[in-house]
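Trainee: The structure under discussion is supplied below as structure tokens; questions concerning it will follow.
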Amino acid sequence: MKPIKVGLLGIGTVGSGTFNVLKRNQEEITRRAGRAIQIAMVADLNVERARELTGGECEVVNDANLVVSNPEIDIVIELIGGYGIAKDLVMKAISNGKHVVTANKALLATHGNEIFKAAQEKGVMVAFEAAVAGGIPIIKALREGLTANRIQWVAGIINGTTNFILSEMRDKGLDFDVVLKEAQRLGYAEADPTFDIEGVDAAHKATIMSAIAFGIPVQFDKAHVEGITKLQADDIRYAEQLGYRIKLLGITKRTSNGIELRVHPTLIPEKRLIANVEGAMNAVLVHGDAVGATLYYGKGAGSEPTASAVIADLVDITRLATADPEHRVPHLAFQANALANTPILPMSEITTSYYLRMNVADQPGVLADVTRILADSSISIDAMLQ
Ligand code: NDP
Ligand code: HSE
């Protein structure tokens, strides 16, 4: 059988990992896919570096439009990032009848509904395993492995950069800025690292998981987003004294009133497995009514871990390319005409536990005042440090 031909847009951190892993494991991947997967064309702004990385093994161009309009290309991998040019290219690839693989959670969390609709109309697949939790096959688990379940909640450490920053600050006492620079050097951080540290990247991923877990459209604009920039070393220390670790969690949960979709720093009891997920590792807990709690752990960022997920999608598409579109797994796990309009709850309607740190005047009666004010609002105190 002829190889399936792939066009790669962007050969940076993830693109180069994809090229290298595909080449290194070509034989085994072909045995799994049933036919060879060949990167026939690469587009990157830095043509010279792209030629060096690909060693003359494929055509290199600097205009990605040449790839998405090339009739020889069956699958387009979008690894440019962002929602400007990346969106145009993905939409063009779809309208030219090409299957798409992308790691671009920002694009899918904001424009996913439009992209999946266009793909469905055209009968092509858009695969995005790498968009959530890097190398962990969480999309596959949610969409296929747990398909019997009514999912109740999903919660996870889904941003490697912030977990790396929190771990290094706690273990080595390093400064925030120093660790962030290291995360950028290691290729974990987004092109705009404020997406990582302000919780936006985690919210993109939580949005995608929420859609797949509950069968709703992607709705990033309704997510509650809070990052780690307001945390201070004191908070990390106090959390430890209370027996907790602070982690940036992405949480999505089904309730009787609607769906919670939130990202914020969270206190986790230090004995829990997820509290001990360190560095750029990710971990996602999924609770289904039949299976109970399940936990997925692995590298959430970086060149080859993310390439692992990109290539898994390539293999899936290669196997299913000739299948009737209705025999494929729906983009958001539920049939497109069966998505629900369950509301996403605003944070003001969510009841949960909070950590409060306050500076008060050192005078008798202050604590009594604080507890009374909380009690007046029916808030009980679980633990306190003075
Ligand atoms: P990089 O910045 O390392 O790579 C992007 C590449 O695209 C660069 O080589 C860039 O060239 C090239 N590029 C930019 N604009 C164009 C264009 N118009 N046409 C062709 N090429 C272009 O990003 P990453 O590899 O880190 O990330 C890629 C995607 O994967 C993003 O969506 C990201 O969110 C996602 N992702 C990243 C992970 C990671 O660990 N890094 C993990 C999971 C997902 P130049 O450098 O010359 O600008
Ligand atoms: N910037 C992201 C992170 C890359 O740090 O998790 C993986 O999606």
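By convention here, the chains of the structure tokens are called A, B, ... in the order presented, each chain's residues are numbered starting at 1, and ligands are numbered starting at 1 in the order presented.
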Return as JSON, numbers by chain the residues of protein, DNA or RNA that approach ligand 1 to within 7 Å, with only C-alpha atoms and all ligand atoms taken into account.
Mentor: {"A": [9, 10, 11, 12, 13, 14, 15, 43, 44, 45, 46, 62, 63, 64, 79, 80, 81, 82, 85, 103, 104, 105, 106, 130, 131, 132, 134, 187, 188, 189, 190, 191, 300, 301, 302, 303, 306]}
Trainee: Can you write out the residues you just picked, keeping C-alpha atoms, as an mmCIF file, in the first residue's frame?
Mentor:
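Writing the result to again_29.cif gives the following:
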data_model
loop_
_atom_site.group_PDB
_atom_site.id
_atom_site.type_symbol
_atom_site.label_atom_id
_atom_site.label_comp_id
_atom_site.auth_asym_id
_atom_site.auth_seq_id
_atom_site.Cartn_x
_atom_site.Cartn_y
_atom_site.Cartn_z
ATOM 1 C CA LEU A 9 3.182 22.972 9.642
ATOM 2 C CA GLY A 10 5.767 24.283 12.147
ATOM 3 C CA ILE A 11 8.884 22.318 13.018
ATOM 4 C CA GLY A 12 9.641 23.814 16.427
ATOM 5 C CA THR A 13 9.658 21.950 19.762
ATOM 6 C CA VAL A 14 6.770 19.545 19.045
ATOM 7 C CA GLY A 15 7.243 19.483 15.251
ATOM 8 C CA ALA A 43 6.462 24.410 6.284
ATOM 9 C CA ASP A 44 8.290 26.686 8.693
ATOM 10 C CA LEU A 45 9.251 30.354 8.721
ATOM 11 C CA ASN A 46 12.849 29.336 9.349
ATOM 12 C CA ASN A 62 8.162 28.724 4.104
ATOM 13 C CA ASP A 63 4.570 29.222 2.964
ATOM 14 C CA ALA A 64 2.272 26.843 4.835
ATOM 15 C CA LEU A 79 2.104 22.672 15.171
ATOM 16 C CA ILE A 80 2.401 26.443 14.757
ATOM 17 C CA GLY A 81 0.196 27.435 17.685
ATOM 18 C CA GLY A 82 -2.105 30.397 18.380
ATOM 19 C CA ILE A 85 -2.659 31.863 10.970
ATOM 20 C CA ALA A 103 -1.690 20.056 19.494
ATOM 21 C CA ASN A 104 -3.229 23.515 19.582
ATOM 22 C CA LYS A 105 -5.505 23.676 22.627
ATOM 23 C CA ALA A 106 -5.853 27.474 22.369
ATOM 24 C CA ALA A 130 -1.562 16.238 22.127
ATOM 25 C CA ALA A 131 -3.673 19.267 23.001
ATOM 26 C CA VAL A 132 -4.395 18.042 26.548
ATOM 27 C CA GLY A 134 1.013 16.246 26.430
ATOM 28 C CA GLY A 187 10.356 23.917 25.717
ATOM 29 C CA TYR A 188 7.468 23.515 28.219
ATOM 30 C CA ALA A 189 6.106 27.051 28.125
ATOM 31 C CA GLU A 190 3.737 28.516 25.535
ATOM 32 C CA ALA A 191 5.011 31.125 23.053
ATOM 33 C CA GLY A 300 2.577 16.866 30.110
ATOM 34 C CA ALA A 301 4.911 18.862 27.889
ATOM 35 C CA GLY A 302 8.135 18.694 25.910
ATOM 36 C CA SER A 303 9.227 17.667 22.452
ATOM 37 C CA THR A 306 3.997 15.545 22.944
#
Trainee: As a PDB file with C-alpha atoms, in the first residue's frame, please: all residues of range 217-271 of chain A that backbone DSSP puts in strand (DSSP E).
Mentor:
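What ended up in states_1.pdb:
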ATOM      1  CA  HIS A 224     -13.191  30.587  35.612  1.00  0.00           C
ATOM      2  CA  VAL A 225      -9.463  31.237  35.145  1.00  0.00           C
ATOM      3  CA  TYR A 244      -1.390  20.453  52.049  1.00  0.00           C
ATOM      4  CA  ARG A 245       0.413  21.113  48.746  1.00  0.00           C
ATOM      5  CA  ILE A 246      -0.668  23.863  46.386  1.00  0.00           C
ATOM      6  CA  LYS A 247      -1.286  22.742  42.796  1.00  0.00           C
ATOM      7  CA  LEU A 248      -2.839  24.540  39.853  1.00  0.00           C
ATOM      8  CA  LEU A 249      -5.823  22.337  39.029  1.00  0.00           C
ATOM      9  CA  GLY A 250      -8.178  22.293  36.086  1.00  0.00           C
ATOM     10  CA  ILE A 251     -11.546  21.051  37.337  1.00  0.00           C
ATOM     11  CA  THR A 252     -14.765  20.265  35.536  1.00  0.00           C
ATOM     12  CA  LYS A 253     -17.676  18.742  37.371  1.00  0.00           C
ATOM     13  CA  ARG A 254     -21.303  17.809  36.752  1.00  0.00           C
ATOM     14  CA  ILE A 259     -21.320  22.209  34.943  1.00  0.00           C
ATOM     15  CA  GLU A 260     -18.380  23.631  36.866  1.00  0.00           C
ATOM     16  CA  LEU A 261     -15.387  24.631  34.731  1.00  0.00           C
ATOM     17  CA  ARG A 262     -12.600  26.237  36.692  1.00  0.00           C
ATOM     18  CA  VAL A 263      -8.833  26.608  36.980  1.00  0.00           C
ATOM     19  CA  HIS A 264      -7.226  27.898  40.166  1.00  0.00           C
ATOM     20  CA  PRO A 265      -4.526  27.083  42.700  1.00  0.00           C
ATOM     21  CA  THR A 266      -5.886  24.344  44.964  1.00  0.00           C
ATOM     22  CA  LEU A 267      -4.875  22.945  48.352  1.00  0.00           C
ATOM     23  CA  ILE A 268      -4.494  19.169  48.125  1.00  0.00           C
ATOM     24  CA  PRO A 269      -3.833  16.959  51.193  1.00  0.00           C
TER      25      PRO A 269
END
Trainee: Quick one: contact table of range 298-350 of chain A to range 142-166 of chain A, 12 Å max, nearest atom pair and distance in Å to one decimal per residue, counting only C-alpha atoms, chain and number order, as JSON lines?
Mentor:
{"residue": "A:Gly298", "atom": "CA", "partner": "A:Gly160", "partner_atom": "CA", "distance": 10.2}
{"residue": "A:Lys299", "atom": "CA", "partner": "A:Gly160", "partner_atom": "CA", "distance": 7.9}
{"residue": "A:Gly300", "atom": "CA", "partner": "A:Gly160", "partner_atom": "CA", "distance": 5.5}
{"residue": "A:Ala301", "atom": "CA", "partner": "A:Gly160", "partner_atom": "CA", "distance": 6.0}
{"residue": "A:Gly302", "atom": "CA", "partner": "A:Gly160", "partner_atom": "CA", "distance": 8.9}
{"residue": "A:Pro305", "atom": "CA", "partner": "A:Gly160", "partner_atom": "CA", "distance": 11.8}
{"residue": "A:Thr306", "atom": "CA", "partner": "A:Gly160", "partner_atom": "CA", "distance": 11.7}
{"residue": "A:Arg328", "atom": "CA", "partner": "A:Glu144", "partner_atom": "CA", "distance": 11.1}
{"residue": "A:Val329", "atom": "CA", "partner": "A:Arg143", "partner_atom": "CA", "distance": 7.7}
{"residue": "A:Pro330", "atom": "CA", "partner": "A:Arg143", "partner_atom": "CA", "distance": 8.4}
{"residue": "A:His331", "atom": "CA", "partner": "A:Arg143", "partner_atom": "CA", "distance": 8.6}
{"residue": "A:Leu332", "atom": "CA", "partner": "A:Arg143", "partner_atom": "CA", "distance": 7.4}
{"residue": "A:Ala333", "atom": "CA", "partner": "A:Arg143", "partner_atom": "CA", "distance": 4.8}
{"residue": "A:Phe334", "atom": "CA", "partner": "A:Arg143", "partner_atom": "CA", "distance": 8.3}
{"residue": "A:Gln335", "atom": "CA", "partner": "A:Arg143", "partner_atom": "CA", "distance": 11.3}
Trainee: Report as a list in words all protein, DNA and RNA residues lying within 8 Å of Ser95 in chain A, evaluated on only C-alpha atoms, omitting residues in the same chain fewer than 2 positions from it.
Mentor: Met91, Lys92, Ala93, Gly97, Lys98, Ala118, Ala119 and Lys122 of chain A
Trainee: For Glu278 in chain A, find every residue with an atom within 6 Å (counting only C-alpha atoms), except residues of its own chain fewer than 2 positions away, and show them as a PyMOL selection string.
Mentor: chain A and resi 167+276+281
